[in-house]
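Containing compact mmCIF, C-alpha atoms: structure.txt.
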```
# COMPACT_ATOMS: atom_id res chain seq x y z
CA MET A 159 -68.55 54.25 14.26
CA LYS A 160 -68.42 57.08 11.72
CA PRO A 161 -69.64 56.28 8.17
CA LYS A 162 -66.19 56.65 6.60
CA TYR A 163 -64.69 54.26 9.19
CA LEU A 164 -67.61 51.87 8.71
CA LYS A 165 -66.93 51.76 4.97
CA LEU A 166 -63.25 51.12 5.65
CA PHE A 167 -64.14 48.34 8.08
CA PHE A 168 -66.31 46.52 5.50
CA LEU A 169 -63.66 47.03 2.83
CA ILE A 170 -61.06 45.36 5.05
CA ILE A 171 -63.45 42.47 5.78
CA SER A 172 -64.15 42.02 2.05
CA ILE A 173 -60.44 42.01 1.21
CA ASN A 174 -59.76 39.44 3.94
CA LEU A 175 -62.56 37.19 2.72
CA PHE A 176 -61.30 37.41 -0.85
CA SER A 177 -57.77 36.61 0.33
CA GLN A 178 -59.01 33.58 2.23
CA GLU A 179 -60.83 32.26 -0.85
CA GLU A 180 -57.78 32.86 -3.03
CA ASN A 181 -55.57 31.23 -0.42
CA LYS A 182 -57.96 28.27 -0.23
CA GLU A 183 -57.64 27.67 -3.97
CA GLU A 184 -53.85 27.79 -3.71
CA ILE A 185 -53.95 25.24 -0.91
CA TYR A 186 -56.32 23.00 -2.90
CA ASN A 187 -53.98 23.16 -5.87
CA LYS A 188 -50.87 22.41 -3.86
CA TYR A 189 -52.14 19.76 -1.45
CA LEU A 190 -55.05 18.17 -3.34
CA ARG A 191 -54.75 18.46 -7.12
CA ASN A 192 -50.95 18.30 -7.12
CA GLY A 193 -50.69 16.25 -3.95
CA ALA A 194 -53.26 13.85 -2.47
CA TYR A 195 -55.12 13.23 -5.73
CA LYS A 196 -51.98 11.85 -7.36
CA TYR A 197 -52.15 8.88 -4.99
CA SER A 198 -54.64 6.15 -4.21
CA TYR A 199 -57.06 6.92 -1.38
CA TYR A 200 -55.39 4.18 0.60
CA ARG A 201 -51.79 5.41 0.35
CA PRO A 202 -50.27 7.17 3.39
CA GLU A 203 -49.21 10.01 1.08
CA TYR A 204 -52.88 10.81 0.46
CA GLN A 205 -53.56 11.34 4.16
CA ALA A 206 -50.28 13.21 4.65
CA TYR A 207 -51.25 15.81 2.02
CA ILE A 208 -54.76 16.15 3.47
CA ASP A 209 -53.29 16.65 6.95
CA SER A 210 -50.95 19.35 5.62
CA ALA A 211 -53.87 21.18 4.05
CA LEU A 212 -55.84 20.93 7.30
CA VAL A 213 -53.01 22.60 9.20
CA LEU A 214 -53.64 25.64 7.01
CA LEU A 215 -57.44 25.31 6.78
CA PRO A 216 -58.47 23.56 10.02
CA LYS A 217 -62.16 24.52 9.66
CA ASN A 218 -62.57 23.45 6.05
CA ALA A 219 -65.46 20.96 5.87
CA PHE A 220 -64.48 19.62 2.45
CA LEU A 221 -61.00 18.66 3.61
CA TRP A 222 -62.40 16.79 6.61
CA GLN A 223 -64.75 14.89 4.30
CA GLN A 224 -61.87 14.03 1.98
CA LYS A 225 -59.92 12.72 4.96
CA ALA A 226 -62.85 10.59 6.13
CA MET A 227 -63.78 9.01 2.80
CA PRO A 228 -60.94 6.44 2.46
CA TYR A 229 -61.64 5.09 5.93
CA PHE A 230 -65.26 4.40 5.03
CA LYS A 231 -64.19 2.57 1.89
CA ARG A 232 -61.87 0.43 4.03
CA LYS A 233 -64.74 -0.25 6.48
CA LYS A 234 -62.99 1.69 9.25
CA TYR A 235 -66.25 3.37 10.14
CA GLU A 236 -65.54 4.62 13.64
CA LEU A 237 -62.28 6.18 12.53
CA GLY A 238 -63.86 7.83 9.51
CA MET A 239 -66.88 9.05 11.46
CA GLN A 240 -64.80 11.25 13.75
CA TYR A 241 -63.58 13.13 10.67
CA ILE A 242 -66.97 13.42 8.99
CA ASP A 243 -68.30 14.80 12.28
CA LYS A 244 -65.75 17.60 11.84
CA ALA A 245 -67.03 18.22 8.31
CA VAL A 246 -70.58 18.53 9.63
CA LEU A 247 -69.39 20.89 12.37
CA TYR A 248 -67.73 23.25 9.91
CA ASP A 249 -70.28 22.97 7.08
CA ASP A 250 -71.44 26.51 6.29
CA LYS A 251 -74.10 25.18 3.91
CA TYR A 252 -75.61 23.06 6.69
CA ASP A 253 -77.02 20.17 4.69
CA LYS A 254 -74.12 19.06 2.48
CA TYR A 255 -72.05 17.04 4.92
CA LEU A 256 -74.89 16.19 7.27
CA SER A 257 -76.58 14.40 4.37
CA TYR A 258 -73.30 12.66 3.51
CA ARG A 259 -72.94 11.54 7.14
CA ALA A 260 -76.52 10.26 7.20
CA PHE A 261 -75.87 8.30 3.99
CA ILE A 262 -72.68 6.78 5.42
CA LYS A 263 -74.49 5.76 8.61
CA CYS A 264 -77.26 4.12 6.57
CA ILE A 265 -75.34 2.32 3.81
CA PHE A 266 -71.82 1.88 5.13
CA GLN A 267 -71.91 1.87 8.93
CA LYS A 268 -75.37 0.23 9.25
CA ASN A 269 -76.08 2.53 12.20
CA TYR A 270 -79.75 2.92 11.38
CA ASN A 271 -81.04 4.71 14.46
CA ASP A 272 -78.33 7.36 14.23
CA ALA A 273 -78.95 7.68 10.49
CA LEU A 274 -82.65 8.26 11.18
CA THR A 275 -81.77 11.09 13.56
CA ASP A 276 -79.73 12.81 10.86
CA PHE A 277 -82.35 12.25 8.15
CA ASP A 278 -85.10 13.61 10.38
CA VAL A 279 -83.13 16.84 10.84
CA LEU A 280 -82.49 17.05 7.10
CA ILE A 281 -86.12 16.38 6.16
CA SER A 282 -87.31 19.05 8.62
CA HIS A 283 -85.30 21.62 6.62
CA TYR A 284 -85.23 20.12 3.12
CA ASN A 285 -88.19 17.82 2.54
CA LYS A 286 -87.20 17.41 -1.12
CA GLY A 287 -83.50 16.96 -0.45
CA LEU A 288 -81.37 14.31 -2.15
CA ILE A 289 -78.13 12.48 -1.49
CA MET A 290 -76.50 10.08 -3.96
CA ASP A 291 -79.40 10.45 -6.43
CA HIS A 292 -82.16 9.50 -3.97
CA TYR A 293 -84.46 11.52 -1.74
CA PHE A 294 -83.88 11.59 2.00
CA TYR A 295 -87.21 9.76 2.32
CA PHE A 296 -85.75 6.79 0.42
CA TYR A 297 -82.88 6.35 2.88
CA LYS A 298 -85.16 6.89 5.85
CA ALA A 299 -87.33 4.07 4.51
CA LEU A 300 -84.25 1.82 4.16
CA CYS A 301 -83.32 2.47 7.79
CA LEU A 302 -86.85 1.65 8.89
CA ILE A 303 -86.87 -1.59 6.87
CA GLN A 304 -83.66 -2.63 8.60
CA LEU A 305 -85.28 -1.92 11.97
CA ASN A 306 -88.36 -4.03 11.04
CA ARG A 307 -90.59 -0.94 11.13
CA TYR A 308 -92.35 -1.84 7.91
CA GLU A 309 -95.46 0.34 8.12
CA GLU A 310 -93.33 3.46 8.61
CA ALA A 311 -90.97 2.32 5.87
CA GLN A 312 -93.89 1.99 3.46
CA LYS A 313 -95.01 5.54 4.25
CA TYR A 314 -91.60 7.07 3.53
CA MET A 315 -90.91 4.98 0.45
CA ASN A 316 -94.25 6.17 -0.91
CA LEU A 317 -93.21 9.78 -0.24
CA SER A 318 -89.97 9.19 -2.15
CA MET A 319 -91.83 7.69 -5.12
CA GLU A 320 -94.35 10.53 -5.10
CA LEU A 321 -91.56 13.11 -5.33
CA ASN A 322 -90.17 11.37 -8.39
CA ILE A 323 -93.61 11.46 -10.00
CA GLN A 324 -94.15 15.14 -9.05
CA ASN A 325 -90.86 15.97 -10.75
CA GLY A 326 -92.02 14.42 -14.00
CA GLY A 327 -90.30 11.08 -13.58
CA THR A 328 -91.24 7.61 -12.46
CA PRO A 329 -90.40 5.70 -9.27
CA HIS A 330 -86.84 4.42 -9.30
CA TYR A 331 -86.38 0.66 -9.75
CA LEU A 332 -84.85 0.48 -6.26
CA GLU A 333 -87.83 2.24 -4.71
CA LEU A 334 -90.07 -0.35 -6.35
CA PHE A 335 -87.79 -3.18 -5.26
CA TYR A 336 -87.79 -2.08 -1.62
CA MET A 337 -91.54 -1.61 -1.68
CA GLY A 338 -91.64 -5.23 -2.78
CA ILE A 339 -89.39 -6.10 0.15
CA ILE A 340 -91.71 -4.28 2.57
CA PHE A 341 -94.71 -6.32 1.38
CA TYR A 342 -92.60 -9.49 1.32
CA GLU A 343 -91.72 -8.93 4.99
CA LYS A 344 -95.37 -8.20 5.80
CA ARG A 345 -96.26 -11.53 4.10
CA GLN A 346 -98.45 -9.75 1.61
CA TYR A 347 -97.06 -11.83 -1.21
CA THR A 348 -99.32 -10.79 -4.07
CA GLU A 349 -98.43 -7.12 -3.54
CA ALA A 350 -94.74 -8.02 -3.15
CA ILE A 351 -94.67 -9.75 -6.55
CA GLN A 352 -96.44 -6.79 -8.16
CA TYR A 353 -93.69 -4.44 -6.99
CA PHE A 354 -90.89 -6.83 -7.94
CA ASP A 355 -92.45 -7.01 -11.41
CA LYS A 356 -92.56 -3.21 -11.65
CA SER A 357 -88.90 -3.06 -10.66
CA LEU A 358 -88.06 -5.69 -13.28
CA GLU A 359 -89.87 -3.69 -15.96
CA GLN A 360 -87.20 -1.03 -15.52
CA TYR A 361 -84.29 -3.40 -14.94
CA PRO A 362 -85.15 -6.77 -16.55
CA ASN A 363 -81.92 -8.49 -15.46
CA PHE A 364 -82.14 -7.38 -11.82
CA SER A 365 -81.09 -10.57 -10.02
CA ASP A 366 -82.06 -9.34 -6.53
CA ALA A 367 -85.67 -8.71 -7.57
CA GLN A 368 -85.75 -12.07 -9.34
CA PHE A 369 -84.46 -13.82 -6.23
CA TYR A 370 -87.04 -12.31 -3.88
CA LYS A 371 -89.78 -12.89 -6.42
CA ALA A 372 -88.66 -16.54 -6.51
CA GLU A 373 -88.59 -16.75 -2.73
CA THR A 374 -92.05 -15.20 -2.56
CA TYR A 375 -93.35 -17.84 -4.95
CA TYR A 376 -91.71 -20.49 -2.77
CA PHE A 377 -93.49 -19.16 0.31
CA MET A 378 -96.73 -19.33 -1.69
CA HIS A 379 -95.97 -23.03 -2.42
CA GLN A 380 -95.57 -22.36 -6.15
CA LYS A 381 -92.32 -24.28 -6.52
CA LYS A 382 -92.25 -24.41 -10.32
CA GLU A 383 -92.44 -20.61 -10.59
CA ALA A 384 -89.96 -20.26 -7.73
CA LEU A 385 -87.37 -22.44 -9.46
CA GLU A 386 -87.81 -20.54 -12.73
CA TYR A 387 -86.89 -17.24 -11.05
CA PHE A 388 -84.11 -18.72 -8.92
CA ILE A 389 -82.49 -19.89 -12.17
CA LYS A 390 -82.90 -16.44 -13.72
CA ALA A 391 -81.49 -14.82 -10.59
CA LYS A 392 -78.39 -17.03 -10.70
CA GLU A 393 -77.81 -16.41 -14.41
CA ASN A 394 -78.03 -12.65 -13.98
CA LEU A 395 -76.06 -12.50 -10.74
CA ASP A 396 -73.27 -14.48 -12.45
CA LYS A 397 -73.25 -11.76 -15.13
CA GLY A 398 -73.01 -9.02 -12.50
CA TYR A 399 -76.58 -7.72 -12.70
CA SER A 400 -77.32 -6.65 -9.16
CA ILE A 401 -77.90 -3.36 -7.35
CA ASN A 402 -75.88 -0.96 -9.49
CA GLU A 403 -75.57 2.07 -7.24
CA ASP A 404 -72.04 3.52 -7.35
CA ASN A 405 -71.39 2.76 -3.69
CA ALA A 406 -72.59 -0.85 -4.01
CA PHE A 407 -69.04 -1.48 -5.27
CA TYR A 408 -67.82 -0.82 -1.72
CA GLU A 409 -70.74 -1.87 0.45
CA ASP A 410 -73.74 -4.16 0.18
CA TYR A 411 -77.16 -2.52 0.19
CA PRO A 412 -79.99 -3.95 2.31
CA TYR A 413 -81.27 -7.27 0.95
CA GLN A 414 -78.56 -7.49 -1.71
CA ILE A 415 -78.19 -11.17 -2.56
CA LYS A 416 -75.20 -13.53 -2.65
CA LYS A 417 -74.66 -16.69 -4.68
CA TRP A 418 -74.92 -18.94 -1.63
CA MET A 419 -78.49 -17.73 -1.06
CA ILE A 420 -79.56 -19.10 -4.44
CA LYS A 421 -77.58 -22.32 -3.97
CA ASN A 422 -79.44 -23.00 -0.73
CA TYR A 423 -82.73 -23.02 -2.64
CA PHE A 424 -81.29 -25.19 -5.41
CA ASP A 425 -80.39 -27.71 -2.70
CA ILE A 426 -83.86 -27.48 -1.15
CA LEU A 427 -85.57 -27.88 -4.53
CA ASP A 428 -83.10 -30.61 -5.54
CA TYR A 429 -82.17 -28.73 -8.69
CA HIS A 430 -79.03 -30.05 -10.43
CA GLN A 431 -77.35 -27.36 -12.51
```
Here is a file; write its structure as structure tokens.
Amino acid sequence: MKPKYLKLFFLIISINLFSQEENKEEIYNKYLRNGAYKYSYYRPEYQAYIDSALVLLPKNAFLWQQKAMPYFKRKKYELGMQYIDKAVLYDDKYDKYLSYRAFIKCIFQKNYNDALTDFDVLISHYNKGLIMDHYFYFYKALCLIQLNRYEEAQKYMNLSMELNIQNGGTPHYLELFYMGIIFYEKRQYTEAIQYFDKSLEQYPNFSDAQFYKAETYYFMHQKKEALEYFIKAKENLDKGYSINEDNAFYEDYPYQIKKWMIKNYFDILDYHQ
């Protein structure tokens, strides 16, 4: 191709790309900002506007993710997953929607083996990557805890905590809590209490850490200390102090406690409130 024709070719390509971006913004304005976003996620109008936008932009990863999201929040995981798979397929940035899918599989769908597969791919490319304010290592550790692979979970939770320290911060209270859970499951109770205490230093009213600290004391036959922390756990859970991740509003996190769990121990310990 002659140079002048080559220049013309690239000019045409550039104009087309610019037009597509401009057209995309028009579609977002019409079908999202002035359409779907004026309705609740759960209204049929929301999905109707998203579907209309997808007719015009069928390979737009963001639109597929927006279509999937309400299904996850309604616990319709299989339905939502087919749409997030489309987002991953068309994701030109590679990691954005793959990390979102991995998070959904871990926290919402509870599909831990599949989540691990996605996180392994992500970590191989972005070993300091984050999703929902936590490193990929953190979620990999959660998956491993839920699969009773505690030694591996400990390794990856340590890597997550180390990254926080390297970046000038401190381990997150949830990292410390789940490290406590790992030692609790390994029956290394002294170490478990140490980590629950570290988590409680950051979040003093954290009912979940108080509950598992109480249960650990119970397993150590220290019933007085156990009852003290079961009472604290109930008081703080009643006030709403639990895992405070944004998505905990929609879905329980691993080891998140319920009121009946505390009541069972009150019955065992014959504690009358």
(message) Report, in Å to a single decimal, how far apart atom CA of A:Asn405 and atom CA of A:Asp366 are.
(response) 16.4 Å
(message) At a cut-off of 12 Å, using all atoms listed in the file, what residues contact A:Ala406? Leave out same-chain residues fewer than 4 positions from it and give the result as an MDAnalysis selection string.
(response) chainID A and resid 231 265:266 290 398:402 410:415
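Put simply, atom CA of A:Asp243 is 24.4 Å away from atom CA of A:Tyr197.
Distance annotation: of A:Asp404, A:Lys392, A:Tyr353, A:Lys397, the residue with the minimal separation from A:Met419 is A:Lys392; atom set is only C-alpha atoms.
Those DNA, RNA and protein residues that approach the point (-82.5, 3.8, 9.7) to within 6 Å, considering only C-alpha atoms, are Tyr270, Asn271, Ala273, Leu274, Lys298, Cys301 and Leu302 of chain A.
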(message) Distance cut-off 10 Å, centre (-59.6, 20.1, 8.3) in file coordinates, counting only C-alpha atoms: which residues qualify? Return them as an MDAnalysis selection string.
(response) chainID A and resid 208:225 241:242 244:245 248
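Among the candidate residues A:Tyr370, A:Tyr235, A:Tyr186, A:Tyr252, the one lying nearest to A:His283 is A:Tyr252, with distances computed using only C-alpha atoms.
In this comparison, which uses all atoms listed in the file, the residue of A:Glu386, A:Asp428, A:Glu409, A:Glu359 approaching A:Lys268 most closely is A:Glu409.
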(message) At a cut-off of 9 Å, using all atoms listed in the file, what residues contact stretch 326-342 of chain A? Leave out same-chain residues fewer than 4 positions from it and give the result as number ranges by chain.
(response) A: 292, 296, 299-300, 303, 308-309, 311-312, 315-316, 318-322, 346-361, 366-367, 370-371, 374, 401, 412-413
Would you write out those residues with C-alpha atoms, as a PDB file, keeping the file's coordinate frame?
```pdb
ATOM      1  CA  HIS A 292     -82.160   9.500  -3.970  1.00  0.00           C
ATOM      2  CA  PHE A 296     -85.750   6.790   0.420  1.00  0.00           C
ATOM      3  CA  ALA A 299     -87.330   4.070   4.510  1.00  0.00           C
ATOM      4  CA  LEU A 300     -84.250   1.820   4.160  1.00  0.00           C
ATOM      5  CA  ILE A 303     -86.870  -1.590   6.870  1.00  0.00           C
ATOM      6  CA  TYR A 308     -92.350  -1.840   7.910  1.00  0.00           C
ATOM      7  CA  GLU A 309     -95.460   0.340   8.120  1.00  0.00           C
ATOM      8  CA  ALA A 311     -90.970   2.320   5.870  1.00  0.00           C
ATOM      9  CA  GLN A 312     -93.890   1.990   3.460  1.00  0.00           C
ATOM     10  CA  MET A 315     -90.910   4.980   0.450  1.00  0.00           C
ATOM     11  CA  ASN A 316     -94.250   6.170  -0.910  1.00  0.00           C
ATOM     12  CA  SER A 318     -89.970   9.190  -2.150  1.00  0.00           C
ATOM     13  CA  MET A 319     -91.830   7.690  -5.120  1.00  0.00           C
ATOM     14  CA  GLU A 320     -94.350  10.530  -5.100  1.00  0.00           C
ATOM     15  CA  LEU A 321     -91.560  13.110  -5.330  1.00  0.00           C
ATOM     16  CA  ASN A 322     -90.170  11.370  -8.390  1.00  0.00           C
ATOM     17  CA  GLN A 346     -98.450  -9.750   1.610  1.00  0.00           C
ATOM     18  CA  TYR A 347     -97.060 -11.830  -1.210  1.00  0.00           C
ATOM     19  CA  THR A 348     -99.320 -10.790  -4.070  1.00  0.00           C
ATOM     20  CA  GLU A 349     -98.430  -7.120  -3.540  1.00  0.00           C
ATOM     21  CA  ALA A 350     -94.740  -8.020  -3.150  1.00  0.00           C
ATOM     22  CA  ILE A 351     -94.670  -9.750  -6.550  1.00  0.00           C
ATOM     23  CA  GLN A 352     -96.440  -6.790  -8.160  1.00  0.00           C
ATOM     24  CA  TYR A 353     -93.690  -4.440  -6.990  1.00  0.00           C
ATOM     25  CA  PHE A 354     -90.890  -6.830  -7.940  1.00  0.00           C
ATOM     26  CA  ASP A 355     -92.450  -7.010 -11.410  1.00  0.00           C
ATOM     27  CA  LYS A 356     -92.560  -3.210 -11.650  1.00  0.00           C
ATOM     28  CA  SER A 357     -88.900  -3.060 -10.660  1.00  0.00           C
ATOM     29  CA  LEU A 358     -88.060  -5.690 -13.280  1.00  0.00           C
ATOM     30  CA  GLU A 359     -89.870  -3.690 -15.960  1.00  0.00           C
ATOM     31  CA  GLN A 360     -87.200  -1.030 -15.520  1.00  0.00           C
ATOM     32  CA  TYR A 361     -84.290  -3.400 -14.940  1.00  0.00           C
ATOM     33  CA  ASP A 366     -82.060  -9.340  -6.530  1.00  0.00           C
ATOM     34  CA  ALA A 367     -85.670  -8.710  -7.570  1.00  0.00           C
ATOM     35  CA  TYR A 370     -87.040 -12.310  -3.880  1.00  0.00           C
ATOM     36  CA  LYS A 371     -89.780 -12.890  -6.420  1.00  0.00           C
ATOM     37  CA  THR A 374     -92.050 -15.200  -2.560  1.00  0.00           C
ATOM     38  CA  ILE A 401     -77.900  -3.360  -7.350  1.00  0.00           C
ATOM     39  CA  PRO A 412     -79.990  -3.950   2.310  1.00  0.00           C
ATOM     40  CA  TYR A 413     -81.270  -7.270   0.950  1.00  0.00           C
TER      41      TYR A 413
END
```
